[in-house]
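Here is the structure we will look at, set down as structure tokens.
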Amino acid sequence: MRNRPGLSLNETFDIYVKSIQNSDLEGLFSTVTENSDFTFLTTNGELIDKRMKYYEFHEKWFEREGWQMPVELVEVREGKQYGYVTAVFHYRTVMPDSGKYSLDSYFTLIFHKENDMWKVVADLCTPIGQSFTDKDADVKINEKQYYLFNILKNRRTVRKFKATPIPDAHIKRILDAARLAPTAGNQQPWKFLVIRDRDRLGKLKKEAMAWQIEEYKRSRKPDKPEFESVRESIRNAVNNALSAPVYIAVLVDSEAEYPDYAIYDGTLAAENLFIAARSLGYGTGFFTSFFPEDKMREFFNIPERYRLICFTPVGEPEDWPDMPDKKKLEDVILYESFEPEKR
């Protein structure tokens with residue numbers, strides 16, 4: 001279908017809609033102004049101001065498969081030179097994880113007469129609502145819920161980082177999330193030691209290598225060839241682990257009101273820290289083996305009363321690791337009780 005002189009605004013809009021539904025770029029742009037200037041406000045608030053950019057937007061969209069978009073007409077107003085159409089577009093597609101995504105939006109299309117044909121000169125989108133549905137369920141979640149689950153799914157332990165600095169405001173936001181973790185009796189036993197000084201971190205790197213090599217020699221008593229190989233591996237691992245621009249030692253007070261629960265509180269705070277960092281695009285890691293508590297206490301002058309939960313880097317990863325193998329959900333869920341053991 002193509003636009004042609006003499007069609008009504010309603011008929012032109014019908015060509016516009018069917019061209020989109022059929023991924024027909026030529027048909028769609030027979031209904032769009034020939035002028036280079038154009039106004040397109042997308043559903044995510046982006047302003048596109050050129051016809052060619054509007055074309056490129058639809059070109060990329062039409063390359064996708066597995067989507068549908070029923071349209072519900074709301075109002076058509078046709079004047080002599082200008083008119084507009086308001087409709088609800090119901091976009092539906094399948095996500096990479098086989099879940100379903102739905103986006104409902106008001107579209108207001110403004111048309112202008114050009115050579116006795118109605119042509120779209122502005123496309124203004126107002127999202128009404130969007131939702132996600134799991135592939136195995138019929139329960140919908142909204143955009144914020146989907147974002148949270150995605151952050152949890154995409155958190156990774158990162159072991160090599162870029163040197164890109166992290167703004168102070170991001171560090172404070174991450175630690176603010178950490179301090180809001182659940183805690184026994186609201187005791188909040190944590191302290192967060194932030195280390196950014198490169199000289200101090202350089203000294204720590206040397207110390208951490210020495211600690212690891214000393215522990216390996218003590219526990220394994222390797223021969224020389226084995227030792228040389230392991231020493232190089234330790235050097236590489238520690239270099240990578242200490243490549244981030246910021247480090248945070250998560251500590252808890254062993255003299256808190258409920259000391260037996262402090263370690264749980266600290267672990268929950270660390271998890272909040274990791275999730276908040278991931279939401280800002282940073283990687284982290286629950287590192288303990290490179291950084292023994294007694295050695296770290298001496299290195300950073302940490303008082304005896306504080307226990308080290310973990311020493312985590314925070315920074316942009318060199319690469320995001322792939323998801324490691326995880327147990328299936330059905331393998332880790334039980335309902336009501338364990339089955340009685342067979343004798």
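Starting from 1 in every chain, residues are counted up; chains themselves are A, B, ... following the order of the structure tokens, and ligands are numbered from 1 as listed.
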Q. What's the 12 Å shell around Asp260 in chain A, counting only C-alpha atoms, without same-chain residues fewer than 5 positions away, as a ChimeraX atom specification?
A. /A:183-185,187,189,252-255,265-266,307
Q. If we count only C-alpha atoms, what is near range 9-19 of chain A at a cut-off of 7 Å, once residues fewer than 6 positions away on the same chain are taken out, given as number ranges by chain?
A. A: 1-3, 25, 27-28, 31, 76, 78, 118
Residues from last step as file, C-alpha atoms, as a PDB file, in the first residue's frame:
ATOM      1  CA  MET A   1       0.000   0.000   0.000  1.00  0.00           C
ATOM      2  CA  ARG A   2       1.212   3.504  -0.890  1.00  0.00           C
ATOM      3  CA  ASN A   3      -0.004   6.976  -0.118  1.00  0.00           C
ATOM      4  CA  LEU A  25       9.574   1.059   4.976  1.00  0.00           C
ATOM      5  CA  GLY A  27       4.926   2.243   2.348  1.00  0.00           C
ATOM      6  CA  LEU A  28       5.496   3.938   5.694  1.00  0.00           C
ATOM      7  CA  THR A  31       3.022   8.841   4.417  1.00  0.00           C
ATOM      8  CA  VAL A  76      -9.115  11.724  13.918  1.00  0.00           C
ATOM      9  CA  GLU A  78      -8.910  16.590   9.648  1.00  0.00           C
ATOM     10  CA  TRP A 118      -1.518  13.929   4.016  1.00  0.00           C
TER      11      TRP A 118
END
Q: Quick one: pick out all alpha helix (DSSP H) residues within range 2-228 of chain A from a backbone DSSP run and write them as a VMD selection string.
A: chain A and resid 9 to 21 25 to 29 51 to 63 143 to 154 168 to 179 198 to 220 224 to 228
Using C-alpha atoms, can you export the residues from the last selection as a PDB file, in the first residue's frame?
ATOM      1  CA  LEU A   9      -6.544  11.542   6.722  1.00  0.00           C
ATOM      2  CA  ASN A  10      -8.149   8.351   8.040  1.00  0.00           C
ATOM      3  CA  GLU A  11      -7.157   6.435   4.889  1.00  0.00           C
ATOM      4  CA  THR A  12      -3.590   7.761   5.065  1.00  0.00           C
ATOM      5  CA  PHE A  13      -3.319   6.754   8.700  1.00  0.00           C
ATOM      6  CA  ASP A  14      -4.512   3.276   7.746  1.00  0.00           C
ATOM      7  CA  ILE A  15      -1.597   2.993   5.269  1.00  0.00           C
ATOM      8  CA  TYR A  16       0.781   4.282   7.945  1.00  0.00           C
ATOM      9  CA  VAL A  17      -0.341   1.622  10.436  1.00  0.00           C
ATOM     10  CA  LYS A  18      -0.414  -1.304   8.005  1.00  0.00           C
ATOM     11  CA  SER A  19       3.041  -0.359   6.688  1.00  0.00           C
ATOM     12  CA  ILE A  20       4.436  -0.529  10.221  1.00  0.00           C
ATOM     13  CA  GLN A  21       2.693  -3.804  10.957  1.00  0.00           C
ATOM     14  CA  LEU A  25       9.574   1.059   4.976  1.00  0.00           C
ATOM     15  CA  GLU A  26       8.595   2.335   1.524  1.00  0.00           C
ATOM     16  CA  GLY A  27       4.926   2.243   2.348  1.00  0.00           C
ATOM     17  CA  LEU A  28       5.496   3.938   5.694  1.00  0.00           C
ATOM     18  CA  PHE A  29       7.584   6.744   4.248  1.00  0.00           C
ATOM     19  CA  ARG A  51      13.411  12.678   8.803  1.00  0.00           C
ATOM     20  CA  MET A  52      16.468  10.515   8.057  1.00  0.00           C
ATOM     21  CA  LYS A  53      16.839   9.649  11.752  1.00  0.00           C
ATOM     22  CA  TYR A  54      13.151   8.721  11.819  1.00  0.00           C
ATOM     23  CA  TYR A  55      13.838   6.466   8.827  1.00  0.00           C
ATOM     24  CA  GLU A  56      16.852   4.850  10.524  1.00  0.00           C
ATOM     25  CA  PHE A  57      14.811   4.258  13.678  1.00  0.00           C
ATOM     26  CA  HIS A  58      12.201   2.292  11.755  1.00  0.00           C
ATOM     27  CA  GLU A  59      14.813   0.534   9.621  1.00  0.00           C
ATOM     28  CA  LYS A  60      16.422  -0.944  12.764  1.00  0.00           C
ATOM     29  CA  TRP A  61      13.024  -1.736  14.259  1.00  0.00           C
ATOM     30  CA  PHE A  62      11.825  -3.567  11.141  1.00  0.00           C
ATOM     31  CA  GLU A  63      14.905  -5.819  11.217  1.00  0.00           C
ATOM     32  CA  GLU A 143       9.488  -2.087  34.077  1.00  0.00           C
ATOM     33  CA  LYS A 144      10.981  -1.332  37.509  1.00  0.00           C
ATOM     34  CA  GLN A 145      10.522  -4.898  38.675  1.00  0.00           C
ATOM     35  CA  TYR A 146      12.028  -6.246  35.463  1.00  0.00           C
ATOM     36  CA  TYR A 147      15.017  -3.911  35.860  1.00  0.00           C
ATOM     37  CA  LEU A 148      15.629  -5.141  39.413  1.00  0.00           C
ATOM     38  CA  PHE A 149      15.481  -8.818  38.435  1.00  0.00           C
ATOM     39  CA  ASN A 150      17.811  -8.115  35.516  1.00  0.00           C
ATOM     40  CA  ILE A 151      20.353  -6.428  37.805  1.00  0.00           C
ATOM     41  CA  LEU A 152      20.282  -9.458  40.101  1.00  0.00           C
ATOM     42  CA  LYS A 153      20.656 -11.783  37.132  1.00  0.00           C
ATOM     43  CA  ASN A 154      23.563  -9.840  35.649  1.00  0.00           C
ATOM     44  CA  ASP A 168      32.389  10.298  44.629  1.00  0.00           C
ATOM     45  CA  ALA A 169      28.621  10.605  44.243  1.00  0.00           C
ATOM     46  CA  HIS A 170      28.476   7.031  42.909  1.00  0.00           C
ATOM     47  CA  ILE A 171      30.556   5.671  45.785  1.00  0.00           C
ATOM     48  CA  LYS A 172      28.290   7.401  48.301  1.00  0.00           C
ATOM     49  CA  ARG A 173      25.154   6.122  46.585  1.00  0.00           C
ATOM     50  CA  ILE A 174      26.526   2.570  46.592  1.00  0.00           C
ATOM     51  CA  LEU A 175      27.424   2.771  50.283  1.00  0.00           C
ATOM     52  CA  ASP A 176      24.093   4.350  51.115  1.00  0.00           C
ATOM     53  CA  ALA A 177      22.445   1.253  49.659  1.00  0.00           C
ATOM     54  CA  ALA A 178      24.802  -0.954  51.697  1.00  0.00           C
ATOM     55  CA  ARG A 179      23.937   0.746  54.978  1.00  0.00           C
ATOM     56  CA  ARG A 198      47.139   4.401  44.321  1.00  0.00           C
ATOM     57  CA  ASP A 199      50.338   4.418  46.387  1.00  0.00           C
ATOM     58  CA  ARG A 200      48.598   2.621  49.219  1.00  0.00           C
ATOM     59  CA  LEU A 201      47.033   0.147  46.792  1.00  0.00           C
ATOM     60  CA  GLY A 202      50.425  -0.410  45.162  1.00  0.00           C
ATOM     61  CA  LYS A 203      51.908  -1.319  48.539  1.00  0.00           C
ATOM     62  CA  LEU A 204      48.954  -3.580  49.238  1.00  0.00           C
ATOM     63  CA  LYS A 205      49.554  -5.348  45.927  1.00  0.00           C
ATOM     64  CA  LYS A 206      53.121  -6.207  46.933  1.00  0.00           C
ATOM     65  CA  GLU A 207      51.989  -7.344  50.367  1.00  0.00           C
ATOM     66  CA  ALA A 208      49.109  -9.436  49.009  1.00  0.00           C
ATOM     67  CA  MET A 209      51.442 -11.227  46.612  1.00  0.00           C
ATOM     68  CA  ALA A 210      53.835 -11.964  49.465  1.00  0.00           C
ATOM     69  CA  TRP A 211      50.993 -13.231  51.665  1.00  0.00           C
ATOM     70  CA  GLN A 212      49.739 -15.598  48.976  1.00  0.00           C
ATOM     71  CA  ILE A 213      53.184 -16.914  48.085  1.00  0.00           C
ATOM     72  CA  GLU A 214      54.053 -17.428  51.748  1.00  0.00           C
ATOM     73  CA  GLU A 215      50.807 -19.318  52.386  1.00  0.00           C
ATOM     74  CA  TYR A 216      51.322 -21.519  49.322  1.00  0.00           C
ATOM     75  CA  LYS A 217      54.859 -22.415  50.327  1.00  0.00           C
ATOM     76  CA  ARG A 218      53.723 -23.178  53.870  1.00  0.00           C
ATOM     77  CA  SER A 219      50.776 -25.387  52.906  1.00  0.00           C
ATOM     78  CA  ARG A 220      52.121 -27.143  49.789  1.00  0.00           C
ATOM     79  CA  LYS A 224      61.132 -25.132  42.389  1.00  0.00           C
ATOM     80  CA  PRO A 225      59.462 -25.587  38.942  1.00  0.00           C
ATOM     81  CA  GLU A 226      56.019 -25.808  40.507  1.00  0.00           C
ATOM     82  CA  PHE A 227      56.740 -22.814  42.732  1.00  0.00           C
ATOM     83  CA  GLU A 228      57.865 -20.615  39.830  1.00  0.00           C
TER      84      GLU A 228
END
Q.
Please compute the CA of Gln81 in chain A-CA of Thr126 in chain A distance, one decimal, in Å.
A. 24.7 Å
Q: If you run DSSP over the backbone, which residues in range 75-295 of chain A end up strand (DSSP E)? Put them as an MDAnalysis selection string.
A: chainID A and resid 75:78 82:94 100:114 117:133 140:142 190:195 246:253
Q: May I ask which of the residues A:Arg196, A:Arg4, A:Lys160, A:Lys135 is the closest one to Tyr247 in chain A, counting only C-alpha atoms?
A: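 Closest to Tyr247 in chain A, using only C-alpha atoms: A:Arg196.
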